[in-house]
Amino acid sequence: MHLVYPAVLAALLFCTGIYGVLARRNAILVLMSVELMLNAVNLNLVAFDVWLSRTAEEKLHSGQALTLFTIAIAAAEIGIGLAIVLAVYRGRGTSDIDRLRDTAEGHESDGPDGDGSDSDAADSDGTEPPAAKKAEATA
């Protein structure tokens with residue numbers, strides 16, 4: 001088998017992953033696209049390892065070792081990424097990346113009085129807001 005076939009397939013997978021990262025709005029689909037890009041890199045690592053081991057007649061297989069390392073890193077990344085997405089979804093009710101970006105940059109609507117102050121903040125005399133008192137009473 002020629003080296004061109006896995007290289008072209010890896011390039012197509014990587015381009016599909018880039019499209020998914022740039023075009024998708026759902027955080028889980030973005031994570032899947034990142035995994036697709038990592039798998040394209042793994043395919044290249046294994047293909048070039050086989051090709052170099054044939055030409056240099058070495059049996060080191062460093063490309064396959066790097067592939068196993070990349071798979072372990074990808075598993076950790078997807079575990080942490082899904083945990084973050086689930087925590088954000090539970091807190092905000094959406095996993096839409098554009099909405100999360102807007103709330104992080106402060107583009108959300110101001111409070112009812114329009115001055116932008118937080119209604120849950122402590123009063124000027126240091127007393128707790130009513131919501132905090134209610135949470136303490138139920139605990």
# chains A, B, ... in the order shown; residues from 1 in each chain; ligands from 1
call {"tool": "residues_around", "arguments": {"residues": "A:Ser62", "least_positions_apart": "2", "cutoff": "9 Å", "atoms": "only C-alpha atoms", "output": "NGL selection string"}}
result
:A and (45-46 or 49 or 59-60 or 64-67)
call {"tool": "residues_around", "arguments": {"residues": "A:Ile71", "least_positions_apart": "6", "cutoff": "9 Å", "atoms": "only C-alpha atoms", "output": "ChimeraX atom specification"}}
result
/A:38-39,42
call {"tool": "atom_distance", "arguments": {"atom1": "atom CA of A:Phe14", "atom2": "atom CA of A:Leu100"}}
result
25.9 Å
call {"tool": "residues_around", "arguments": {"residues": "stretch 85-99 of chain A", "least_positions_apart": "3", "cutoff": "6 Å", "atoms": "only C-alpha atoms", "output": "PyMOL selection string"}}
result
chain A and resi 25-27+82+102
call {"tool": "write_last_selection", "arguments": {"atoms": "C-alpha atoms", "output": "PDB file, in the first residue's frame"}}
result
ATOM      1  CA  ARG A  25     -22.496  25.568  17.814  1.00  0.00           C
ATOM      2  CA  ASN A  26     -23.053  22.581  20.097  1.00  0.00           C
ATOM      3  CA  ALA A  27     -20.162  21.958  22.497  1.00  0.00           C
ATOM      4  CA  LEU A  82     -17.776  16.277  28.850  1.00  0.00           C
ATOM      5  CA  ASP A 102     -22.175  36.108  25.126  1.00  0.00           C
TER       6      ASP A 102
END
call {"tool": "residues_around", "arguments": {"residues": "A:Ala47", "least_positions_apart": "6", "cutoff": "8 Å", "atoms": "only C-alpha atoms", "output": "number ranges by chain"}}
result
A: 3, 6-7
call {"tool": "atom_distance", "arguments": {"atom1": "atom CA of A:Ile73", "atom2": "atom CA of A:Ala40"}}
result
14.6 Å
call {"tool": "closest_residue", "arguments": {"among": "A:Glu57, A:Arg24, A:Ala76, A:Val41", "to": "A:Leu9", "atoms": "only C-alpha atoms"}}
result
A:Val41
call {"tool": "atom_distance", "arguments": {"atom1": "atom CA of A:Arg101", "atom2": "atom CA of A:Ile78"}}
result
20.5 Å
